[in-house]
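Enquirer: Below is one structure. I have some questions about it.
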Amino acid sequence: MTHPDFNPVEFLAGALRIPSISGEERAVAEYFVAQMQALGFVAHVDAAGNAVGALGEGPEIVLLGHIDTVPGDIPVRVEDGKLYGRGAVDAKGPFATFVAAAARLASAPLRARLVLVGAVEEEAASSKGAHYIVDKHAPTACIIGEPSGWDRLTLGYKGRLLAEGRWEQP
(Lines give C-alpha, C1' and ligand atoms only; values in the text may rest on other atoms or scores of the structure.)
Protein backbone atom coordinates (compact mmCIF):
# COMPACT_ATOMS: atom_id res chain seq x y z
CA MET A 1 0.00 0.00 0.00
CA THR A 2 1.32 3.43 -0.94
CA HIS A 3 1.95 5.97 1.80
CA PRO A 4 -1.45 7.56 2.59
CA ASP A 5 -0.20 11.09 1.81
CA PHE A 6 1.29 10.11 -1.55
CA ASN A 7 -0.37 11.84 -4.49
CA PRO A 8 1.04 10.63 -7.84
CA VAL A 9 -0.07 13.75 -9.72
CA GLU A 10 1.57 16.08 -7.20
CA PHE A 11 4.63 13.83 -7.17
CA LEU A 12 5.06 14.20 -10.94
CA ALA A 13 4.17 17.91 -10.84
CA GLY A 14 6.95 18.40 -8.28
CA ALA A 15 9.44 16.73 -10.64
CA LEU A 16 8.22 18.82 -13.57
CA ARG A 17 8.84 22.04 -11.63
CA ILE A 18 12.55 21.17 -11.37
CA PRO A 19 14.50 22.05 -14.53
CA SER A 20 16.61 19.10 -15.66
CA ILE A 21 18.19 19.76 -19.03
CA SER A 22 20.71 17.05 -19.98
CA GLY A 23 23.81 17.47 -17.83
CA GLU A 24 21.90 19.44 -15.17
CA GLU A 25 19.76 16.74 -13.53
CA ARG A 26 21.17 16.70 -9.99
CA ALA A 27 18.25 18.55 -8.35
CA VAL A 28 15.58 16.35 -9.91
CA ALA A 29 17.60 13.20 -9.13
CA GLU A 30 17.73 14.26 -5.48
CA TYR A 31 13.98 14.94 -5.56
CA PHE A 32 13.25 11.46 -6.91
CA VAL A 33 15.58 9.84 -4.38
CA ALA A 34 13.99 11.69 -1.44
CA GLN A 35 10.52 10.70 -2.63
CA MET A 36 11.52 7.06 -3.11
CA GLN A 37 13.07 6.95 0.37
CA ALA A 38 9.86 8.39 1.86
CA LEU A 39 7.93 5.61 0.08
CA GLY A 40 10.09 2.84 1.56
CA PHE A 41 12.69 2.33 -1.16
CA VAL A 42 16.41 2.07 -0.52
CA ALA A 43 17.49 4.93 -2.78
CA HIS A 44 20.53 7.00 -3.71
CA VAL A 45 22.08 9.13 -6.44
CA ASP A 46 24.78 7.00 -8.07
CA ALA A 47 28.18 8.13 -9.38
CA ALA A 48 26.73 9.02 -12.81
CA GLY A 49 23.99 11.14 -11.23
CA ASN A 50 21.16 8.64 -11.79
CA ALA A 51 18.31 8.42 -9.27
CA VAL A 52 18.29 4.77 -8.17
CA GLY A 53 15.77 3.09 -5.91
CA ALA A 54 15.25 -0.54 -4.99
CA LEU A 55 12.89 -2.72 -3.04
CA GLY A 56 12.17 -6.40 -2.62
CA GLU A 57 14.33 -9.49 -2.88
CA GLY A 58 14.75 -12.09 -5.57
CA PRO A 59 15.34 -12.02 -9.32
CA GLU A 60 16.09 -8.48 -10.43
CA ILE A 61 13.74 -6.47 -12.63
CA VAL A 62 15.02 -3.07 -13.76
CA LEU A 63 12.57 -0.27 -14.51
CA LEU A 64 14.59 2.29 -16.46
CA GLY A 65 13.51 5.77 -17.45
CA HIS A 66 15.27 9.03 -18.04
CA ILE A 67 14.85 12.19 -16.02
CA ASP A 68 16.55 14.74 -18.24
CA THR A 69 14.77 16.99 -20.71
CA VAL A 70 15.52 19.02 -23.77
CA PRO A 71 15.72 22.81 -23.32
CA GLY A 72 12.54 24.85 -23.21
CA ASP A 73 9.86 25.78 -20.74
CA ILE A 74 6.33 24.43 -20.56
CA PRO A 75 4.55 25.88 -17.53
CA VAL A 76 3.40 23.19 -15.09
CA ARG A 77 -0.38 23.15 -15.02
CA VAL A 78 -3.40 20.86 -14.95
CA GLU A 79 -5.83 21.58 -17.74
CA ASP A 80 -8.90 19.49 -18.60
CA GLY A 81 -7.62 16.73 -16.34
CA LYS A 82 -4.19 16.60 -18.02
CA LEU A 83 -0.87 17.50 -16.40
CA TYR A 84 1.44 19.62 -18.55
CA GLY A 85 5.10 20.50 -18.06
CA ARG A 86 8.54 19.88 -19.63
CA GLY A 87 9.17 16.17 -19.19
CA ALA A 88 5.59 15.12 -18.44
CA VAL A 89 5.70 12.70 -21.35
CA ASP A 90 9.39 12.45 -22.27
CA ALA A 91 10.23 11.09 -19.78
CA LYS A 92 9.85 12.18 -16.15
CA GLY A 93 6.25 10.97 -16.48
CA PRO A 94 7.11 7.34 -17.24
CA PHE A 95 9.75 7.24 -14.50
CA ALA A 96 7.35 8.78 -11.96
CA THR A 97 4.82 6.12 -13.03
CA PHE A 98 7.37 3.40 -12.29
CA VAL A 99 7.94 4.88 -8.83
CA ALA A 100 4.21 5.19 -8.09
CA ALA A 101 3.48 1.64 -9.29
CA ALA A 102 6.40 0.13 -7.35
CA ALA A 103 5.43 2.08 -4.23
CA ARG A 104 2.09 0.28 -4.22
CA LEU A 105 4.09 -2.94 -3.77
CA ALA A 106 6.46 -1.61 -1.08
CA SER A 107 4.62 -3.22 1.82
CA ALA A 108 3.81 -6.45 -0.02
CA PRO A 109 6.12 -9.46 0.08
CA LEU A 110 7.81 -9.26 -3.30
CA ARG A 111 9.33 -12.26 -5.02
CA ALA A 112 11.55 -9.99 -7.09
CA ARG A 113 13.94 -7.13 -6.55
CA LEU A 114 12.69 -4.02 -8.34
CA VAL A 115 15.46 -1.60 -9.26
CA LEU A 116 14.29 1.75 -10.60
CA VAL A 117 16.78 3.90 -12.46
CA GLY A 118 16.05 7.50 -13.42
CA ALA A 119 18.86 7.88 -15.91
CA VAL A 120 20.65 11.11 -16.78
CA GLU A 121 21.71 12.49 -20.16
CA GLU A 122 19.42 10.38 -22.34
CA GLU A 123 18.57 13.44 -24.41
CA ALA A 124 22.31 14.04 -24.97
CA ALA A 125 24.59 12.07 -27.25
CA SER A 126 26.42 10.62 -24.25
CA SER A 127 23.55 8.58 -22.70
CA LYS A 128 25.75 8.80 -19.59
CA GLY A 129 23.26 7.30 -17.14
CA ALA A 130 22.41 4.22 -19.17
CA HIS A 131 26.05 3.58 -20.08
CA TYR A 132 26.99 3.77 -16.39
CA ILE A 133 24.50 1.14 -15.23
CA VAL A 134 24.78 -1.30 -18.12
CA ASP A 135 27.34 -3.52 -16.38
CA LYS A 136 26.03 -2.92 -12.84
CA HIS A 137 22.91 -5.07 -13.28
CA ALA A 138 22.03 -8.40 -14.87
CA PRO A 139 18.24 -8.28 -14.62
CA THR A 140 15.80 -11.00 -15.54
CA ALA A 141 13.88 -8.25 -17.33
CA CYS A 142 14.32 -4.58 -18.05
CA ILE A 143 11.37 -2.34 -18.84
CA ILE A 144 12.21 1.02 -20.38
CA GLY A 145 9.81 3.90 -19.83
CA GLU A 146 10.04 5.75 -23.11
CA PRO A 147 6.95 7.30 -24.68
CA SER A 148 5.41 5.90 -27.84
CA GLY A 149 1.92 7.33 -27.58
CA TRP A 150 -0.67 6.85 -24.86
CA ASP A 151 -2.06 3.70 -26.47
CA ARG A 152 1.15 1.90 -27.47
CA LEU A 153 4.05 -0.01 -25.99
CA THR A 154 7.57 0.48 -27.31
CA LEU A 155 9.10 -2.92 -28.00
CA GLY A 156 12.51 -1.80 -29.17
CA TYR A 157 14.64 0.80 -30.79
CA LYS A 158 16.33 0.78 -34.16
CA GLY A 159 19.33 2.61 -32.74
CA ARG A 160 20.79 6.03 -33.07
CA LEU A 161 23.28 7.47 -35.49
CA LEU A 162 25.01 10.76 -34.84
CA ALA A 163 27.07 12.16 -37.66
CA GLU A 164 29.05 15.30 -38.13
CA GLY A 165 29.85 16.31 -41.64
CA ARG A 166 31.53 19.00 -43.62
CA TRP A 167 30.88 19.57 -47.26
CA GLU A 168 32.93 21.85 -49.45
CA GLN A 169 32.53 22.82 -53.03
CA PRO A 170 35.48 24.01 -55.12
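By convention in this document, the chains of the C-alpha coordinates carry letters A, B, ... by their order, each chain's residues are numbered from 1, and ligands are numbered from 1 in the order they are shown.
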I need the residues of stretch 20-157 of chain A that end up classed as helix (DSSP H, G or I) by DSSP on the backbone, written out as an NGL selection string.
Expert: :A and (26-38 or 92-103 or 128-133)
Enquirer: Write out as a ChimeraX atom specification each polymer residue whose atoms come within 9 Å of A:Arg26, counting only C-alpha atoms; drop sequence neighbours fewer than 5 positions from it.
Expert: /A:20,31,45,49-51,120
Enquirer: Among stretch 32-142 of chain A, which ones does DSSP assign to strand (DSSP E) (computed from the backbone)? Answer as a PyMOL selection string.
Expert: chain A and resi 42-45+51-55+60-66+77-79+82-84+113-119+141-142
Enquirer: For A:Pro19, work out the shell of residues within 9 Å, counting only C-alpha atoms and skipping chain neighbours fewer than 6 positions away, then give it as a PDB file with all heavy atoms, in the first residue's frame.
Expert:
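Contents of result.pdb, freshly written:
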ATOM      1  N   GLU A  25      20.861  17.497 -14.130  1.00  0.00           N
ATOM      2  CA  GLU A  25      19.759  16.740 -13.533  1.00  0.00           C
ATOM      3  C   GLU A  25      19.863  16.533 -12.031  1.00  0.00           C
ATOM      4  O   GLU A  25      19.007  15.900 -11.432  1.00  0.00           O
ATOM      5  CB  GLU A  25      19.656  15.348 -14.179  1.00  0.00           C
ATOM      6  CG  GLU A  25      19.515  15.333 -15.665  1.00  0.00           C
ATOM      7  CD  GLU A  25      20.841  15.142 -16.388  1.00  0.00           C
ATOM      8  OE1 GLU A  25      21.885  15.548 -15.853  1.00  0.00           O
ATOM      9  OE2 GLU A  25      20.832  14.602 -17.492  1.00  0.00           O
ATOM     10  N   ALA A  27      19.361  18.176  -9.235  1.00  0.00           N
ATOM     11  CA  ALA A  27      18.251  18.553  -8.346  1.00  0.00           C
ATOM     12  C   ALA A  27      17.060  17.613  -8.511  1.00  0.00           C
ATOM     13  O   ALA A  27      16.444  17.206  -7.515  1.00  0.00           O
ATOM     14  CB  ALA A  27      17.836  19.995  -8.595  1.00  0.00           C
ATOM     15  N   VAL A  28      16.726  17.248  -9.734  1.00  0.00           N
ATOM     16  CA  VAL A  28      15.581  16.354  -9.913  1.00  0.00           C
ATOM     17  C   VAL A  28      15.936  14.935  -9.463  1.00  0.00           C
ATOM     18  O   VAL A  28      15.087  14.216  -8.921  1.00  0.00           O
ATOM     19  CB  VAL A  28      15.013  16.396 -11.356  1.00  0.00           C
ATOM     20  CG1 VAL A  28      15.850  15.592 -12.335  1.00  0.00           C
ATOM     21  CG2 VAL A  28      13.563  15.934 -11.376  1.00  0.00           C
ATOM     22  N   ASP A  68      16.096  13.488 -17.630  1.00  0.00           N
ATOM     23  CA  ASP A  68      16.552  14.739 -18.235  1.00  0.00           C
ATOM     24  C   ASP A  68      15.548  15.177 -19.299  1.00  0.00           C
ATOM     25  O   ASP A  68      14.692  14.406 -19.729  1.00  0.00           O
ATOM     26  CB  ASP A  68      17.947  14.594 -18.836  1.00  0.00           C
ATOM     27  CG  ASP A  68      18.004  13.592 -19.975  1.00  0.00           C
ATOM     28  OD1 ASP A  68      17.338  12.532 -19.889  1.00  0.00           O
ATOM     29  OD2 ASP A  68      18.718  13.853 -20.956  1.00  0.00           O
ATOM     30  N   THR A  69      15.652  16.438 -19.682  1.00  0.00           N
ATOM     31  CA  THR A  69      14.772  16.985 -20.709  1.00  0.00           C
ATOM     32  C   THR A  69      15.591  17.772 -21.721  1.00  0.00           C
ATOM     33  O   THR A  69      16.749  18.096 -21.485  1.00  0.00           O
ATOM     34  CB  THR A  69      13.712  17.942 -20.110  1.00  0.00           C
ATOM     35  OG1 THR A  69      14.371  19.070 -19.548  1.00  0.00           O
ATOM     36  CG2 THR A  69      12.857  17.250 -19.065  1.00  0.00           C
ATOM     37  N   PRO A  71      15.961  21.434 -23.765  1.00  0.00           N
ATOM     38  CA  PRO A  71      15.716  22.812 -23.321  1.00  0.00           C
ATOM     39  C   PRO A  71      14.307  23.279 -23.683  1.00  0.00           C
ATOM     40  O   PRO A  71      13.676  22.766 -24.605  1.00  0.00           O
ATOM     41  CB  PRO A  71      16.763  23.619 -24.094  1.00  0.00           C
ATOM     42  CG  PRO A  71      17.820  22.638 -24.464  1.00  0.00           C
ATOM     43  CD  PRO A  71      17.111  21.340 -24.670  1.00  0.00           C
ATOM     44  N   ASP A  73      10.698  25.660 -21.926  1.00  0.00           N
ATOM     45  CA  ASP A  73       9.860  25.783 -20.739  1.00  0.00           C
ATOM     46  C   ASP A  73       8.406  25.548 -21.125  1.00  0.00           C
ATOM     47  O   ASP A  73       7.896  26.183 -22.055  1.00  0.00           O
ATOM     48  CB  ASP A  73      10.026  27.167 -20.116  1.00  0.00           C
ATOM     49  CG  ASP A  73       9.234  27.299 -18.826  1.00  0.00           C
ATOM     50  OD1 ASP A  73       9.257  26.358 -18.018  1.00  0.00           O
ATOM     51  OD2 ASP A  73       8.576  28.347 -18.647  1.00  0.00           O
ATOM     52  N   ARG A  86       7.388  20.456 -18.920  1.00  0.00           N
ATOM     53  CA  ARG A  86       8.539  19.882 -19.631  1.00  0.00           C
ATOM     54  C   ARG A  86       8.916  18.566 -18.965  1.00  0.00           C
ATOM     55  O   ARG A  86       9.231  18.521 -17.778  1.00  0.00           O
ATOM     56  CB  ARG A  86       9.711  20.858 -19.621  1.00  0.00           C
ATOM     57  CG  ARG A  86      10.989  20.338 -20.240  1.00  0.00           C
ATOM     58  CD  ARG A  86      10.913  20.023 -21.713  1.00  0.00           C
ATOM     59  NE  ARG A  86      10.763  21.226 -22.495  1.00  0.00           N
ATOM     60  CZ  ARG A  86      10.264  21.238 -23.734  1.00  0.00           C
ATOM     61  NH1 ARG A  86       9.885  20.122 -24.318  1.00  0.00           N
ATOM     62  NH2 ARG A  86      10.152  22.365 -24.380  1.00  0.00           N
TER      63      ARG A  86
END
Enquirer: Hey, which of A:Phe98, A:Ser126, A:Gly81, A:Ile67 ends up closest to A:Gly53? Count only C-alpha atoms.
Expert: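 When distances to A:Gly53 are compared using only C-alpha atoms, the smallest one comes from A:Phe98.
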Enquirer: Name all residues at most 12 Å from A:Ser107 (count only C-alpha atoms; drop same-chain ones fewer than 2 positions away) and give them as a PyMOL selection string.
Expert: chain A and resi 1-3+39-41+55-56+102-105+109-110
Enquirer: Residues of the last selection are to be written out with N, CA, C and O atoms, as a PDB file, in the first residue's frame.
Expert:
ATOM      1  N   MET A   1       0.846  -1.179   0.000  1.00  0.00           N
ATOM      2  CA  MET A   1       0.000   0.000   0.000  1.00  0.00           C
ATOM      3  C   MET A   1       0.888   1.237   0.000  1.00  0.00           C
ATOM      4  O   MET A   1       1.834   1.325   0.759  1.00  0.00           O
ATOM      5  N   THR A   2       0.572   2.179  -0.847  1.00  0.00           N
ATOM      6  CA  THR A   2       1.317   3.427  -0.937  1.00  0.00           C
ATOM      7  C   THR A   2       1.092   4.255   0.328  1.00  0.00           C
ATOM      8  O   THR A   2       0.050   4.183   0.953  1.00  0.00           O
ATOM      9  N   HIS A   3       2.080   5.055   0.666  1.00  0.00           N
ATOM     10  CA  HIS A   3       1.952   5.970   1.800  1.00  0.00           C
ATOM     11  C   HIS A   3       0.656   6.755   1.642  1.00  0.00           C
ATOM     12  O   HIS A   3       0.340   7.226   0.549  1.00  0.00           O
ATOM     13  N   LEU A  39       8.882   6.671   0.435  1.00  0.00           N
ATOM     14  CA  LEU A  39       7.930   5.610   0.079  1.00  0.00           C
ATOM     15  C   LEU A  39       8.425   4.218   0.457  1.00  0.00           C
ATOM     16  O   LEU A  39       7.776   3.222   0.158  1.00  0.00           O
ATOM     17  N   GLY A  40       9.599   4.123   1.088  1.00  0.00           N
ATOM     18  CA  GLY A  40      10.092   2.840   1.560  1.00  0.00           C
ATOM     19  C   GLY A  40      11.163   2.186   0.708  1.00  0.00           C
ATOM     20  O   GLY A  40      11.577   1.063   0.987  1.00  0.00           O
ATOM     21  N   PHE A  41      11.617   2.862  -0.321  1.00  0.00           N
ATOM     22  CA  PHE A  41      12.690   2.334  -1.157  1.00  0.00           C
ATOM     23  C   PHE A  41      14.035   2.574  -0.478  1.00  0.00           C
ATOM     24  O   PHE A  41      14.193   3.525   0.284  1.00  0.00           O
ATOM     25  N   LEU A  55      13.647  -2.068  -4.099  1.00  0.00           N
ATOM     26  CA  LEU A  55      12.889  -2.717  -3.037  1.00  0.00           C
ATOM     27  C   LEU A  55      12.648  -4.161  -3.419  1.00  0.00           C
ATOM     28  O   LEU A  55      12.721  -4.535  -4.580  1.00  0.00           O
ATOM     29  N   GLY A  56      12.425  -4.989  -2.406  1.00  0.00           N
ATOM     30  CA  GLY A  56      12.168  -6.398  -2.619  1.00  0.00           C
ATOM     31  C   GLY A  56      13.432  -7.219  -2.714  1.00  0.00           C
ATOM     32  O   GLY A  56      14.540  -6.697  -2.734  1.00  0.00           O
ATOM     33  N   ALA A 102       5.581   0.933  -8.263  1.00  0.00           N
ATOM     34  CA  ALA A 102       6.403   0.127  -7.354  1.00  0.00           C
ATOM     35  C   ALA A 102       6.065   0.438  -5.900  1.00  0.00           C
ATOM     36  O   ALA A 102       6.069  -0.461  -5.055  1.00  0.00           O
ATOM     37  N   ALA A 103       5.764   1.695  -5.601  1.00  0.00           N
ATOM     38  CA  ALA A 103       5.426   2.085  -4.228  1.00  0.00           C
ATOM     39  C   ALA A 103       4.194   1.352  -3.723  1.00  0.00           C
ATOM     40  O   ALA A 103       4.085   1.058  -2.530  1.00  0.00           O
ATOM     41  N   ARG A 104       3.294   1.035  -4.610  1.00  0.00           N
ATOM     42  CA  ARG A 104       2.095   0.279  -4.219  1.00  0.00           C
ATOM     43  C   ARG A 104       2.461  -1.121  -3.737  1.00  0.00           C
ATOM     44  O   ARG A 104       1.692  -1.767  -3.033  1.00  0.00           O
ATOM     45  N   LEU A 105       3.632  -1.598  -4.150  1.00  0.00           N
ATOM     46  CA  LEU A 105       4.090  -2.941  -3.767  1.00  0.00           C
ATOM     47  C   LEU A 105       5.038  -2.928  -2.575  1.00  0.00           C
ATOM     48  O   LEU A 105       5.449  -3.985  -2.117  1.00  0.00           O
ATOM     49  N   PRO A 109       4.946  -8.595   0.227  1.00  0.00           N
ATOM     50  CA  PRO A 109       6.117  -9.464   0.084  1.00  0.00           C
ATOM     51  C   PRO A 109       6.394  -9.700  -1.407  1.00  0.00           C
ATOM     52  O   PRO A 109       5.616 -10.345  -2.092  1.00  0.00           O
ATOM     53  N   LEU A 110       7.463  -9.115  -1.893  1.00  0.00           N
ATOM     54  CA  LEU A 110       7.810  -9.257  -3.304  1.00  0.00           C
ATOM     55  C   LEU A 110       8.662 -10.495  -3.517  1.00  0.00           C
ATOM     56  O   LEU A 110       9.484 -10.836  -2.679  1.00  0.00           O
TER      57      LEU A 110
END
